[in-house]
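Here is data16.tsv, consisting of TSV, C-alpha atoms and all ligand atoms:
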chain	number	residue	atom	x	y	z
A	1	MET	CA	2.49	79.36	45.68
A	2	VAL	CA	3.95	75.86	45.17
A	3	ILE	CA	5.74	75.55	41.85
A	4	GLY	CA	6.74	72.25	40.20
A	5	VAL	CA	10.01	72.28	38.26
A	6	PHE	CA	10.07	69.89	35.30
A	7	GLY	CA	13.27	69.90	33.25
A	8	GLY	CA	14.10	68.41	29.90
A	9	SER	CA	15.71	68.93	26.55
A	10	PHE	CA	12.25	69.14	24.98
A	11	ASN	CA	13.67	68.34	21.55
A	12	PRO	CA	10.83	68.78	20.77
A	13	VAL	CA	8.30	69.10	23.60
A	14	HIS	CA	5.53	66.52	23.12
A	15	ALA	CA	2.07	65.64	24.40
A	16	GLY	CA	3.54	63.35	27.11
A	17	HIS	CA	5.46	66.25	28.67
A	18	ILE	CA	2.44	68.56	28.64
A	19	SER	CA	0.06	65.97	29.96
A	20	LEU	CA	2.43	65.09	32.81
A	21	ALA	CA	2.90	68.75	33.80
A	22	ARG	CA	-0.87	69.26	33.77
A	23	GLU	CA	-1.34	66.15	35.88
A	24	VAL	CA	0.94	67.59	38.60
A	25	VAL	CA	-1.38	70.62	38.81
A	26	ALA	CA	-4.59	68.56	38.50
A	27	ARG	CA	-3.50	66.44	41.48
A	28	LYS	CA	-2.77	69.60	43.46
A	29	LEU	CA	0.85	68.67	43.98
A	30	ALA	CA	1.74	72.15	42.71
A	31	ASP	CA	-0.15	75.32	41.77
A	32	LYS	CA	1.93	75.78	38.67
A	33	VAL	CA	4.66	73.91	36.73
A	34	VAL	CA	7.72	75.59	35.25
A	35	MET	CA	9.18	73.62	32.35
A	36	VAL	CA	12.92	74.29	32.33
A	37	LEU	CA	14.77	73.86	29.05
A	38	SER	CA	18.16	72.11	29.44
A	39	PRO	CA	20.96	73.09	27.10
A	40	LEU	CA	21.88	70.30	24.67
A	41	ASN	CA	25.38	68.96	25.01
A	42	PRO	CA	27.06	69.04	21.57
A	43	LEU	CA	29.49	66.37	22.77
A	44	LYS	CA	26.73	63.99	23.81
A	45	GLU	CA	23.82	64.51	21.44
A	46	ASP	CA	23.39	62.86	18.11
A	47	PRO	CA	24.39	65.67	15.69
A	48	ALA	CA	21.33	64.91	13.57
A	49	SER	CA	19.07	65.94	16.45
A	50	LEU	CA	20.94	69.07	17.57
A	51	ILE	CA	18.40	71.84	17.39
A	52	ASP	CA	19.17	75.38	18.41
A	53	ASP	CA	18.22	76.34	22.01
A	54	TYR	CA	16.13	79.24	20.75
A	55	LEU	CA	13.98	76.99	18.55
A	56	ARG	CA	13.38	74.43	21.32
A	57	MET	CA	12.49	77.29	23.66
A	58	GLU	CA	10.01	78.74	21.18
A	59	MET	CA	8.31	75.34	20.86
A	60	LEU	CA	8.15	75.00	24.64
A	61	ARG	CA	6.60	78.49	24.94
A	62	ILE	CA	4.05	77.70	22.26
A	63	ALA	CA	3.14	74.40	23.98
A	64	CYS	CA	2.61	76.11	27.36
A	65	LEU	CA	0.63	79.04	25.96
A	66	PRO	CA	-2.87	77.49	26.26
A	67	TYR	CA	-2.26	76.57	29.91
A	68	PRO	CA	-2.07	79.44	32.43
A	69	ARG	CA	-0.53	77.11	35.00
A	70	LEU	CA	2.32	75.96	32.76
A	71	GLU	CA	5.31	78.18	32.06
A	72	ALA	CA	8.41	77.73	29.90
A	73	SER	CA	11.74	78.78	31.41
A	74	ASP	CA	15.11	79.41	29.77
A	75	ILE	CA	16.88	79.93	33.11
A	76	GLU	CA	19.42	77.12	32.51
A	77	LEU	CA	20.56	78.52	29.18
A	78	SER	CA	22.36	81.38	30.93
A	79	MET	CA	23.85	79.28	33.74
A	80	PRO	CA	27.41	77.89	33.87
A	81	ARG	CA	27.70	74.43	32.29
A	82	PRO	CA	27.35	71.67	33.10
A	83	SER	CA	24.25	72.90	34.90
A	84	TYR	CA	23.21	71.00	38.00
A	85	THR	CA	19.60	70.72	39.11
A	86	ILE	CA	20.37	71.99	42.61
A	87	ASP	CA	21.81	75.20	41.14
A	88	THR	CA	18.69	75.76	39.03
A	89	LEU	CA	16.43	75.12	42.03
A	90	ARG	CA	18.45	77.47	44.25
A	91	ARG	CA	18.36	80.19	41.63
A	92	LEU	CA	14.60	79.84	41.14
A	93	ALA	CA	14.03	79.89	44.90
A	94	ALA	CA	16.27	82.95	45.37
A	95	SER	CA	14.46	84.97	42.74
A	96	ASN	CA	10.99	83.98	43.98
A	97	PRO	CA	11.27	84.16	47.78
A	98	GLY	CA	7.50	83.96	48.33
A	99	ASP	CA	7.14	80.63	46.53
A	100	SER	CA	8.21	77.07	47.28
A	101	PHE	CA	9.56	74.80	44.58
A	102	ARG	CA	9.24	71.05	44.04
A	103	LEU	CA	11.32	69.04	41.63
A	104	VAL	CA	9.39	66.80	39.21
A	105	ILE	CA	11.41	63.75	38.06
A	106	GLY	CA	10.91	60.28	36.63
A	107	ALA	CA	11.55	57.08	38.56
A	108	ASP	CA	14.57	56.44	36.29
A	109	ASN	CA	16.21	59.49	37.81
A	110	TRP	CA	14.90	58.62	41.25
A	111	GLU	CA	16.78	55.30	41.15
A	112	CYS	CA	20.12	57.08	40.84
A	113	PHE	CA	19.11	60.17	42.76
A	114	ASP	CA	21.74	59.63	45.46
A	115	ARG	CA	24.39	60.38	42.81
A	116	TRP	CA	22.95	63.84	42.08
A	117	LYS	CA	24.85	66.87	43.33
A	118	ASP	CA	23.57	67.88	46.80
A	119	TYR	CA	20.69	65.40	46.61
A	120	ARG	CA	20.03	65.62	50.36
A	121	GLU	CA	19.40	69.32	50.02
A	122	ILE	CA	17.08	68.70	47.06
A	123	LEU	CA	15.13	66.20	49.17
A	124	ARG	CA	14.93	68.54	52.14
A	125	ASP	CA	14.14	71.80	50.35
A	126	PHE	CA	12.55	70.80	47.05
A	127	HIS	CA	10.50	67.69	47.96
A	128	PRO	CA	10.57	65.78	44.68
A	129	ILE	CA	7.45	64.53	42.93
A	130	VAL	CA	8.31	61.25	41.21
A	131	TYR	CA	6.38	59.81	38.26
A	132	PRO	CA	6.69	56.18	37.07
A	133	ARG	CA	9.08	55.04	34.35
A	134	GLU	CA	8.87	51.48	33.12
A	135	GLY	CA	10.85	49.02	35.24
A	136	CYS	CA	11.99	51.64	37.76
A	137	ALA	CA	11.33	51.70	41.49
A	138	MET	CA	9.16	54.46	42.99
A	139	PRO	CA	9.77	56.21	46.34
A	140	GLY	CA	8.51	54.34	49.41
A	141	GLU	CA	6.07	55.56	52.09
A	142	ASP	CA	8.81	56.88	54.35
A	143	SER	CA	10.53	58.83	51.60
A	144	GLN	CA	10.86	62.61	51.45
A	145	ALA	CA	9.64	62.36	47.86
A	146	THR	CA	6.00	62.01	46.74
A	147	PRO	CA	5.13	59.29	44.24
A	148	MET	CA	2.68	60.43	41.56
A	149	TRP	CA	1.11	57.35	40.00
A	150	ALA	CA	0.25	58.63	36.55
A	151	ASP	CA	-0.02	56.78	33.24
A	152	LEU	CA	2.43	58.33	30.81
A	153	LEU	CA	1.59	58.65	27.14
A	154	PRO	CA	3.73	56.27	25.07
A	155	VAL	CA	5.68	58.95	23.22
A	156	SER	CA	9.23	60.30	23.28
A	157	SER	CA	11.02	63.13	21.51
A	158	THR	CA	13.17	60.54	19.73
A	159	MET	CA	10.01	58.94	18.33
A	160	ILE	CA	8.74	62.34	17.17
A	161	ARG	CA	12.03	63.22	15.45
A	162	GLN	CA	12.14	59.86	13.68
A	163	ARG	CA	8.55	60.12	12.52
A	164	LEU	CA	9.07	63.63	11.21
A	165	ILE	CA	12.06	62.45	9.20
A	166	THR	CA	10.27	59.44	7.76
A	167	GLY	CA	7.05	61.37	7.16
A	168	GLU	CA	4.89	59.29	9.54
A	169	THR	CA	2.09	61.07	11.35
A	170	VAL	CA	2.72	62.76	14.69
A	171	ASN	CA	-0.88	63.90	15.13
A	172	ASN	CA	-1.97	63.67	18.77
A	173	LEU	CA	1.66	63.13	19.81
A	174	ILE	CA	2.64	66.81	19.87
A	175	PRO	CA	0.56	69.96	20.33
A	176	PRO	CA	-0.79	71.09	16.92
A	177	ALA	CA	0.71	74.59	17.32
A	178	VAL	CA	4.16	73.03	17.89
A	179	LEU	CA	3.74	70.93	14.75
A	180	ASP	CA	2.81	74.10	12.81
A	181	TYR	CA	6.02	75.73	14.09
A	182	ILE	CA	8.11	72.70	13.11
A	183	ARG	CA	6.65	72.71	9.61
A	184	ALA	CA	6.91	76.50	9.18
A	185	ASN	CA	10.59	76.42	10.15
A	186	GLY	CA	11.45	73.20	8.35
A	187	LEU	CA	12.76	71.53	11.53
A	188	TYR	CA	13.68	67.86	12.04
A	189	ARG	CA	14.12	67.11	8.37
A	190	ARG	CA	17.08	65.27	6.99
A	191	ASP	CA	18.08	68.49	5.22
A	192	ASP	CA	17.16	70.72	8.17
A	193	PRO	CA	19.12	73.98	7.85
A	194	GLN	CA	18.99	74.36	11.66
A	195	VAL	CA	20.86	71.12	12.29
A	196	ILE	CA	24.37	72.12	13.34
B	201	LIG	P1	14.40	61.81	24.04
B	201	LIG	O1	13.56	60.80	23.34
B	201	LIG	O2	15.06	62.81	23.12
B	201	LIG	O3	15.37	61.21	25.03
B	201	LIG	P2	12.24	62.49	25.93
B	201	LIG	O4	10.95	62.24	25.21
B	201	LIG	O5	12.64	61.52	26.99
B	201	LIG	O6	13.42	62.75	24.88
B	201	LIG	P3	13.16	64.78	27.41
B	201	LIG	O7	13.09	66.18	26.98
B	201	LIG	O8	14.48	64.13	27.49
B	201	LIG	O9	12.16	63.95	26.48
B	201	LIG	O10	12.39	64.56	28.73
B	201	LIG	C1	12.16	65.49	29.73
B	201	LIG	C2	11.54	64.70	30.85
B	201	LIG	O11	10.28	64.22	30.40
B	201	LIG	C3	12.40	63.48	31.20
B	201	LIG	O12	12.80	63.55	32.54
B	201	LIG	C4	11.50	62.30	30.95
B	201	LIG	O13	11.49	61.41	32.07
B	201	LIG	C5	10.10	62.89	30.78
B	201	LIG	N1	9.33	62.19	29.76
B	201	LIG	C6	9.77	61.58	28.66
B	201	LIG	N2	8.76	61.01	27.97
B	201	LIG	C7	7.66	61.26	28.67
B	201	LIG	C8	6.26	60.93	28.49
B	201	LIG	N3	5.83	60.20	27.47
B	201	LIG	N4	5.39	61.38	29.40
B	201	LIG	C9	5.83	62.11	30.45
B	201	LIG	N5	7.11	62.44	30.69
B	201	LIG	C10	8.01	62.02	29.81
Here is a file; write its structure as structure tokens.
Amino acid sequence: MVIGVFGGSFNPVHAGHISLAREVVARKLADKVVMVLSPLNPLKEDPASLIDDYLRMEMLRIACLPYPRLEASDIELSMPRPSYTIDTLRRLAASNPGDSFRLVIGADNWECFDRWKDYREILRDFHPIVYPREGCAMPGEDSQATPMWADLLPVSSTMIRQRLITGETVNNLIPPAVLDYIRANGLYRRDDPQVI
């Protein structure tokens, strides 16, 4: 089986993430997509948006549940930090020897890909699938990466967090079951007890 690996902080996961992962499968670039949760960096993140790993993981699981070909993974949470993509890919490949893995990244990351740890090995062994990001160059014909020309939904986790704080609607921007979870646990509010 070919498995796409799509990483993010998913704080929270939104409709754009899910639709992109489904698109990878729909275009037969992978049989399945594993959505890998990245640990948040307390030194880098805005403290107001720091949400516990467990809660982000639960939302990711809930979002993937309706789709048999999408899977949430917490593999990076138990890895040494900072975690590098090549280490995650190697670990996934080692524990699933019958499968091949492909990295799914945006063109923003593609533009600086040659600064990633062991990027040549990623290109050779984990043939990246690259989706467009505004103003960023896509891989050329002769590249070891595959461009996936998909229209992304105009949504970001930052937008979702802001809207939840100001009380604007997020309907259609995140999966309804994730919104239920956010409401039930009182997440992303100014007085959120989970904010560290
Ligand atoms: P934030 O607003 O907090 O920076 P984000 O919406 O960009 O978050 P991340 O969890 O950082 O979400 O993103 C994970 C991956 O999803 C990133 O590599 C990013 O390129 C991609 N991504 C972000 N927004 C979209 C979208 N609307 N559609 C598809 N992919 C997206």
Compile a residue-level contact table for region 35-75 of chain A against region 14-25 of chain A at a cut-off of 10 Å, reporting for every qualifying residue the shortest atom pair and its distance in Å to one decimal, with all atoms listed in the file counted, rows ordered by chain and ascending number, as JSON lines.
{"residue": "A:Met35", "atom": "CA", "partner": "A:Ala21", "partner_atom": "CA", "distance": 8.1}
{"residue": "A:Met59", "atom": "CA", "partner": "A:His14", "partner_atom": "CA", "distance": 9.5}
{"residue": "A:Leu60", "atom": "CA", "partner": "A:His14", "partner_atom": "CA", "distance": 9.0}
{"residue": "A:Ala63", "atom": "CA", "partner": "A:Ile18", "partner_atom": "CA", "distance": 7.5}
{"residue": "A:Cys64", "atom": "CA", "partner": "A:Ile18", "partner_atom": "CA", "distance": 7.7}
{"residue": "A:Tyr67", "atom": "CA", "partner": "A:Arg22", "partner_atom": "CA", "distance": 8.4}
{"residue": "A:Arg69", "atom": "CA", "partner": "A:Val25", "partner_atom": "CA", "distance": 7.6}
{"residue": "A:Leu70", "atom": "CA", "partner": "A:Ala21", "partner_atom": "CA", "distance": 7.3}
{"residue": "A:Glu71", "atom": "CA", "partner": "A:Ala21", "partner_atom": "CA", "distance": 9.9}
(request) Would you work out the distance separating CA of Leu123 (chain A) from atom O5 of ligand LIG 201 (chain B), expressed in Å to one decimal? (result) 22.8 Å
(request) List all protein, DNA and RNA residues that have an atom no more than 6 Å from any atom of ligand LIG 201 (chain B), counting all atoms listed in the file, and report them as an MDAnalysis selection string. (result) chainID A and resid 7:11 16:17 20 105:106 152:158
(request) Mind giving me the straight-line distance from CA of Arg183 (chain A) to CA of Ser78 (chain A) in Å, one decimal? (result) 27.9 Å
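With all atoms listed in the file as the basis for measurement, A:Leu40 is the residue among A:Met57, A:Ile122, A:Leu40, A:Ala145 that approaches Pro82 (chain A) most closely.
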(message) Ranking A:Gly186, A:Pro68, A:Gly135, A:Pro147 by minimum distance to Val104 (chain A) and counting only C-alpha atoms, which one comes first?
(response) A:Pro147
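For the pair CA of Tyr181 (chain A) and CA of Leu92 (chain A), the separation is 28.7 Å.
You can rank A:Ala93, A:Met159, A:Ala137, A:Leu65 by their closest distance to Ala177 (chain A) using all atoms listed in the file, and at the top of that list sits A:Leu65.
Compared by their closest atoms to Thr88 (chain A), and using all atoms listed in the file, the residues A:Leu37, A:Leu164, A:Ile129, A:Ile182 rank with A:Leu37 nearest.
Between Glu111 (chain A) and the candidates A:Ser95, A:Arg190, A:Ile62, A:Val130, the tightest atom-to-atom separation, counting all atoms listed in the file, involves A:Val130.
Distances from A:Leu29, A:Ile86, A:Ile165, A:Leu55 to Tyr188 (chain A) were compared using all atoms listed in the file, and the smallest one belongs to A:Ile165.
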(request) Would you mind listing what lies within 12 Å of Arg90 (chain A) as a list of chain:residue names, with all atoms listed in the file counted and same-chain residues fewer than 3 positions away left out? (result) A:Val5, A:Ile75, A:Glu76, A:Met79, A:Ser83, A:Tyr84, A:Thr85, A:Ile86, A:Asp87, A:Ala93, A:Ala94, A:Ser95, A:Asn96, A:Pro97, A:Asp99, A:Ser100, A:Phe101, A:Arg102, A:Leu103, A:Asp118, A:Glu121, A:Ile122, A:Asp125, A:Phe126
(request) Considering all atoms listed in the file, return as a VMD selection string whatever protein or nucleic-acid residues lie within 10 Å of Asn171 (chain A), sequence-local ones (same chain, fewer than 4 positions apart) excluded. (result) chain A and resid 15 160 175 to 176 179
Enclose region 30-43 of chain A, meaning all of its atoms listed in the file, in a box aligned along x, y and z, pad it by 8 Å on each side, and list the centre and edge lengths in Å to one decimal, as JSON.
{"center_x": 14.7, "center_y": 71.1, "center_z": 32.1, "size_x": 45.6, "size_y": 25.4, "size_z": 37.1}
